[in-house]
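Read the structure below first, then the notes.
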Amino acid sequence: MNASIDPIGRGLTTLLGEDEFHQRHIGPSPEAQRAMLEALGRRSREDLIAATVPAPIRLTRDLALPEPTTEAQALAELQSIAAQNQVWRSYLGGGYHGTITPEPIRRNVLENPGWYTAYTPYQAEVAQGRLEALLNFQQMVIDLTGLPVANASLLDEATAAAEAMAVARRASKLKSANVYRVDAAAHPQVIAVLRTRAQGLGITVDLATAEQMADEAGEACFGAHLQNPDTLGRVRDLSGVIETLKSRGAVVTVGCDPLALVLMASPGALGADIAIGSAQRFGVPLGNGGPHAAFMAVREALVRMMPGRIIGVSRDAAGKPALRMALQTREQHIRRDKATSNVCTAQALLANMAGFYAVYHGPQGLWRIAARVNAMARLLIHLTGARLANDAFFDTLHVAAREHAAAILERARSIRINLRNLAPEGKPGQIVIALDETVTLDDVADLAWVLSGHRPDAQSLQQAAHALSIEALSIPTNVRRTDPVLQHPVFKRYHSETEFVRYLKRLENRDISLVHSMIPLGSCTMKLNAAAEMAPLSWPEFAQIHPHAPADQTQGYQKMLGQLGDWLAAVTGFAGVSFQPNSGAQGEYAGLLAIRNWQAARGQGHRDVCLIPSSAHGTNPATAQMMGMRIVVVACDEQGNIDLADLRARIAEHRERLAALMVTYPSTHGVFESAIREVCEAVHEAGGQVYMDGANLNAQAGLTQPALIGADVCHMNLHKTFCIPHG
């Protein structure tokens, strides 16, 4: 019998309510907790909380949350939610493609706590395995993009494009120009994020075709963003456009597809200064849009302007080869408002998956995948004779269906296939079909029936496939790749599964993760990574959903996010929650943007001063400067607490232009400052808003709330307070 359960006077309902999840997960036993409390001179946890959290902000009621449930019941409920998603075959493209995650990577990286609990590698000496994996990712990007330096991943393609815009502005010699020209055929989400980020920087985003950009009469711009292949699949020789733009002083970025670059001339070969894109289709599931690792590569002169981190090869004290971060995101703590970016995290786990995908397949394997995808697209056109809006493509077909579009879309729906209908984009009768590595000959036969109404029989399908050239004939000769890629030995050495999994294990053993010990990195350490919480990541009902799938196919996702939003609102005390930001730093940006939009709507758009305590996390001033705000530092005392007298002086000095105060609570020093309500009230009285950095929300949950404290906006790092791998 469990000695902790007293059987006297207790019935079956007591046993039904028992769940060992929290005891197993939190770790310290009641005895260990008593020993810690004794060392602190406290009688109980309640006594410790009373001495730590100021009484005026302490919660006095239970949160409006559902009753706790067991681990098995929670998974069963989540499975029923997942079942409400419909997994159709999606050929929607737009920067997202079906992919096959190699089983050794799924089982040994994505589902392995030795990889997914390891913190982002700020401490090189205990992260040599992950650093080597990220070095592989960088080399893969360098080879594919044809540019000499790559970073160790970014958050997603759209924010990578925005970071490239900021690099272009810093690097351009046209200091008076504020126009950034963007390919009208870039992915819609890229254009949307570029427009948002441009607002705070005083940049005008000008949509134009590549032909218009090459026009000598075009307006002067400090930079330009091109997409190749573009969102409709068109492959172009952009070398002339790039040359013209650069001759006028513009810095040119090309958004690209890593799989297409196996067969296409690289952005570097075309003359680009910067290349960005998403590594998602290198083995990372769709997951309704992410998270996915983005990449950036630049020419040598732009290295010090890059965001994120760069892994470099160095030597340790004994003279042995060692890896380090030659450029790292923690530079924000030093450079603060002069930092190159506010991005404080990267998609380390997912970048490692993409890098391992390249290691697993090698140059020949990637070539086979890319050539097969292209051949499948050409086979579909051969079988149907469909009329294309452009004949130069890699894997995406822009079909001019005209009056047949409605019938095509109806046939597709009847066999659970998603195609991109361009009618909402002002192009009725036009359809986009984006193929990927998951496509089989049977899929091509289904698509042939969808396009033409006639399904080829098995024999004619096999004959057509056999007769089809493997040469990528749909890519113009002048933009085909002629130089080799992935020539480093790491991409040629581990092609048997035994050698590959041994390589993964060797790298894992060079790191510290939660399978080895605790990770003593303070408030930024991941808190919870229970296996039960991670398991659903691999469920097809979640993993195989395209982000542009119709809403009636994503009911499970909508229910899950709706529930989570309600629960997080209850935890924080706020009215609503957005899941759009893809990192803490992006959450900061979104929070300040919400404040500035609210003030502008009230006719107070002139407010642009942001107060930031001197002890604040370095991303705070970096974010504020990205928003175009004037940063005013508020002094702190020797313990790191906000100096109230200095705060009041700064408020009085900037009262008419005060927009916001950025504050971390508990403070960066881990202290619940007793004057926090007074701080918030002073800012509000002057017409400002309070933005709370939620990096330390783990210390607040259930004890107090940002809204109760006085904050107006707060971002939440879900990996710190709840569960997901960092980034």
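We name chains A, B, ... following the order of the structure tokens; residues begin at 1 in each chain, and ligands are numbered from 1 as shown.
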Listing only residues of region 642-721 of chain A within 7 Å of region 630-635 of chain A, what is the closest atom pair and its distance in Å (to one decimal) for each, using only C-alpha atoms, sorted by chain and residue number ascending, as CSV?
```
residue,atom,partner,partner_atom,distance
A:Ile642,CA,A:Ala635,CA,6.4
A:Asp643,CA,A:Ala635,CA,5.6
A:Asp646,CA,A:Ala635,CA,6.1
A:Leu647,CA,A:Val634,CA,5.8
```
Could you turn the residues from that selection into a file that holds N, CA and C atoms, as a compact mmCIF listing (two decimals), in the first residue's frame?
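And here is the file that came out, out.txt:
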```
# COMPACT_ATOMS: atom_id res chain seq x y z
N ILE A 642 13.57 49.49 -9.06
CA ILE A 642 13.36 50.77 -9.74
C ILE A 642 13.46 51.91 -8.73
N ASP A 643 14.24 52.92 -9.07
CA ASP A 643 14.40 54.11 -8.24
C ASP A 643 13.17 55.00 -8.46
N ASP A 646 13.73 58.69 -9.35
CA ASP A 646 14.19 58.90 -10.73
C ASP A 646 13.06 58.62 -11.71
N LEU A 647 12.22 57.63 -11.42
CA LEU A 647 11.07 57.33 -12.28
C LEU A 647 10.16 58.55 -12.37
```
request  = Enumerate as a PyMOL selection string all residues of region 70-294 of chain A assigned to helix (DSSP H, G or I) by DSSP on the backbone, naming them with the chain letters and numbers the document uses.
outcome  = chain A and resi 71-82+103-110+113-116+124-126+128-145+157-171+188-201+210-213+239-247+260-262+267-270+287-289
query = Which of these, A:Gln463, A:Asn352, A:Gln86, A:Thr244, has the shortest distance to Phe137 (chain A) once you count only C-alpha atoms?
reply =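 Closest to Phe137 (chain A) of all the choices is A:Asn352.
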Using only C-alpha atoms, which protein or nucleic acid residues come within 9 Å of region 163-170 of chain A? Drop anything in the same chain fewer than 6 positions from it, and give the result as a CSV table (one decimal) with N, CA and C atoms, in the first residue's frame.
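Saved to result_9.csv:
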```
chain,number,residue,atom,x,y,z
A,177,ALA,N,17.4,57.6,-48.3
A,177,ALA,CA,16.3,56.9,-48.8
A,177,ALA,C,15.5,56.1,-47.8
A,178,ASN,N,14.2,56.1,-47.8
A,178,ASN,CA,13.4,55.3,-46.9
A,178,ASN,C,12.5,54.3,-47.5
A,180,TYR,N,11.6,50.8,-49.4
A,180,TYR,CA,12.1,49.4,-49.5
A,180,TYR,C,11.1,48.7,-50.6
A,194,LEU,N,6.7,42.4,-43.4
A,194,LEU,CA,7.5,43.6,-43.8
A,194,LEU,C,6.8,44.9,-43.6
A,197,ARG,N,6.7,45.7,-39.8
A,197,ARG,CA,8.0,46.1,-39.2
A,197,ARG,C,8.5,47.4,-39.8
A,198,ALA,N,8.1,47.7,-41.0
A,198,ALA,CA,8.5,49.0,-41.6
A,198,ALA,C,7.9,50.2,-40.9
A,201,LEU,N,10.0,51.7,-38.2
A,201,LEU,CA,11.3,52.2,-38.6
A,201,LEU,C,11.2,53.4,-39.6
A,222,PHE,N,16.6,52.0,-50.7
A,222,PHE,CA,17.9,51.6,-50.0
A,222,PHE,C,18.0,50.1,-50.1
A,223,GLY,N,16.9,49.4,-50.4
A,223,GLY,CA,17.0,47.9,-50.6
A,223,GLY,C,15.8,47.4,-51.3
A,224,ALA,N,15.9,46.1,-51.6
A,224,ALA,CA,14.8,45.4,-52.3
A,224,ALA,C,14.7,43.9,-51.8
A,225,HIS,N,13.5,43.4,-51.9
A,225,HIS,CA,13.3,42.0,-51.6
A,225,HIS,C,12.6,41.3,-52.8
A,250,ALA,N,21.2,50.0,-53.8
A,250,ALA,CA,20.3,49.2,-53.0
A,250,ALA,C,21.0,47.9,-52.6
A,251,VAL,N,20.6,47.4,-51.4
A,251,VAL,CA,21.0,46.1,-50.9
A,251,VAL,C,19.9,45.1,-51.2
A,252,VAL,N,20.2,44.0,-51.9
A,252,VAL,CA,19.2,43.2,-52.4
A,252,VAL,C,19.1,41.8,-51.7
A,253,THR,N,17.9,41.5,-51.3
A,253,THR,CA,17.6,40.2,-50.6
A,253,THR,C,16.8,39.4,-51.5
A,273,ASP,N,22.8,40.2,-52.2
A,273,ASP,CA,23.6,40.5,-51.0
A,273,ASP,C,23.2,39.6,-49.8
A,274,ILE,N,21.9,39.3,-49.8
A,274,ILE,CA,21.3,38.5,-48.7
A,274,ILE,C,20.3,37.5,-49.2
A,275,ALA,N,20.3,36.3,-48.6
A,275,ALA,CA,19.3,35.3,-49.0
A,275,ALA,C,18.6,34.9,-47.7
A,276,ILE,N,17.3,34.7,-47.8
A,276,ILE,CA,16.5,34.3,-46.6
A,276,ILE,C,15.5,33.2,-47.1
A,296,MET,N,19.3,32.8,-42.8
A,296,MET,CA,19.8,34.0,-43.5
A,296,MET,C,21.2,33.8,-43.8
A,302,LEU,N,28.5,42.2,-44.7
A,302,LEU,CA,27.4,42.4,-43.9
A,302,LEU,C,27.3,41.6,-42.6
A,305,MET,N,26.4,43.0,-39.2
A,305,MET,CA,25.0,43.6,-39.2
A,305,MET,C,23.9,42.5,-39.0
A,306,MET,N,24.3,41.3,-39.1
A,306,MET,CA,23.4,40.2,-39.1
A,306,MET,C,22.7,40.0,-37.7
A,307,PRO,N,21.5,39.6,-37.7
A,307,PRO,CA,20.8,39.3,-36.4
A,307,PRO,C,21.1,37.8,-36.0
A,340,THR,N,21.8,45.0,-33.1
A,340,THR,CA,21.4,44.8,-34.5
A,340,THR,C,20.0,44.3,-34.7
A,341,SER,N,19.5,43.7,-33.6
A,341,SER,CA,18.1,43.1,-33.7
A,341,SER,C,17.7,42.8,-32.2
```
ask   = Which polymer residues have any atom within 12 Å of an atom of Gln639 (chain A), counting only C-alpha atoms, with same-chain residues fewer than 4 positions away left out, as a list in words?
value =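 The neighbour list is Ser614, Ser615, Ala635, Asp643, Ser667, Thr668, His669, Gly670, Val671, Phe672 and Glu673 of chain A.
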Export of the given selection (N, CA, C and O atoms) as a PDB file, in the first residue's frame:
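Writing the result to part_11.pdb gives the following:
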```pdb
ATOM      1  N   SER A 614      17.221  50.439 -15.890  1.00  0.00           N
ATOM      2  CA  SER A 614      18.591  50.086 -16.281  1.00  0.00           C
ATOM      3  C   SER A 614      18.874  48.604 -16.100  1.00  0.00           C
ATOM      4  O   SER A 614      19.793  48.064 -16.722  1.00  0.00           O
ATOM      5  N   SER A 615      18.076  47.908 -15.254  1.00  0.00           N
ATOM      6  CA  SER A 615      18.299  46.481 -15.012  1.00  0.00           C
ATOM      7  C   SER A 615      17.580  45.587 -16.012  1.00  0.00           C
ATOM      8  O   SER A 615      17.652  44.363 -15.917  1.00  0.00           O
ATOM      9  N   ALA A 635      16.768  54.837 -13.521  1.00  0.00           N
ATOM     10  CA  ALA A 635      17.796  54.304 -12.634  1.00  0.00           C
ATOM     11  C   ALA A 635      17.233  53.237 -11.705  1.00  0.00           C
ATOM     12  O   ALA A 635      16.034  53.203 -11.400  1.00  0.00           O
ATOM     13  N   ASP A 643      14.240  52.918  -9.073  1.00  0.00           N
ATOM     14  CA  ASP A 643      14.399  54.112  -8.237  1.00  0.00           C
ATOM     15  C   ASP A 643      13.167  55.001  -8.459  1.00  0.00           C
ATOM     16  O   ASP A 643      13.020  55.623  -9.511  1.00  0.00           O
ATOM     17  N   SER A 667      11.539  41.182 -10.970  1.00  0.00           N
ATOM     18  CA  SER A 667      12.597  41.888 -11.681  1.00  0.00           C
ATOM     19  C   SER A 667      13.634  40.919 -12.227  1.00  0.00           C
ATOM     20  O   SER A 667      13.615  39.718 -11.925  1.00  0.00           O
ATOM     21  N   THR A 668      14.525  41.447 -13.042  1.00  0.00           N
ATOM     22  CA  THR A 668      15.595  40.627 -13.594  1.00  0.00           C
ATOM     23  C   THR A 668      16.404  39.953 -12.489  1.00  0.00           C
ATOM     24  O   THR A 668      17.009  38.906 -12.697  1.00  0.00           O
ATOM     25  N   HIS A 669      16.390  40.544 -11.293  1.00  0.00           N
ATOM     26  CA  HIS A 669      17.100  39.971 -10.152  1.00  0.00           C
ATOM     27  C   HIS A 669      16.248  38.965  -9.388  1.00  0.00           C
ATOM     28  O   HIS A 669      16.668  38.453  -8.350  1.00  0.00           O
ATOM     29  N   GLY A 670      15.031  38.704  -9.869  1.00  0.00           N
ATOM     30  CA  GLY A 670      14.176  37.717  -9.230  1.00  0.00           C
ATOM     31  C   GLY A 670      13.402  38.217  -8.035  1.00  0.00           C
ATOM     32  O   GLY A 670      12.910  37.418  -7.227  1.00  0.00           O
ATOM     33  N   VAL A 671      13.242  39.531  -7.911  1.00  0.00           N
ATOM     34  CA  VAL A 671      12.616  40.131  -6.732  1.00  0.00           C
ATOM     35  C   VAL A 671      11.225  40.666  -7.078  1.00  0.00           C
ATOM     36  O   VAL A 671      11.033  41.308  -8.111  1.00  0.00           O
ATOM     37  N   PHE A 672      10.246  40.403  -6.186  1.00  0.00           N
ATOM     38  CA  PHE A 672       8.918  41.004  -6.305  1.00  0.00           C
ATOM     39  C   PHE A 672       8.992  42.401  -5.677  1.00  0.00           C
ATOM     40  O   PHE A 672       8.890  42.541  -4.457  1.00  0.00           O
ATOM     41  N   GLU A 673       9.214  43.412  -6.507  1.00  0.00           N
ATOM     42  CA  GLU A 673       9.358  44.767  -5.975  1.00  0.00           C
ATOM     43  C   GLU A 673       8.048  45.225  -5.346  1.00  0.00           C
ATOM     44  O   GLU A 673       6.985  45.174  -5.979  1.00  0.00           O
TER      45      GLU A 673
END
```
message = Would you pick out the contacts of Ile81 (chain A) at 9 Å or less, using only C-alpha atoms, so that residues sharing its chain but fewer than 3 positions from it are not included, and give the list as a list in words?
response =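 Near Ile81 (chain A), the qualifying residues are Ala76, Glu77, Leu78, Gln84, Asn85, Gln555, Gly556, Tyr557, Lys559 and Met560 of chain A.
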query = Got a sec: who's within 12 Å of Gly290 (chain A), counting only C-alpha atoms, leaving out chain neighbours fewer than 5 positions off, as a ChimeraX atom specification?
reply = /A:95-97,155-158,278-281,284-285,347,350,537,542-548,579-583,727
key: Using only C-alpha atoms: which of A:Gln705, A:Thr477, A:Asn288, A:Asn374 has the shortest distance to Glu437 (chain A)   =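 Looking at the shortest contact to Glu437 (chain A), the residue is A:Asn374.
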task = Please provide the set of residues having any atom within 9 Å of Asn509 (chain A), restricted to only C-alpha atoms, with same-chain residues fewer than 3 positions apart removed, written as a PyMOL selection string.
result = chain A and resi 114+129+504-506+512
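Picture a line from CA of Glu46 (chain A) to CA of Thr704 (chain A); it runs 13.6 Å.
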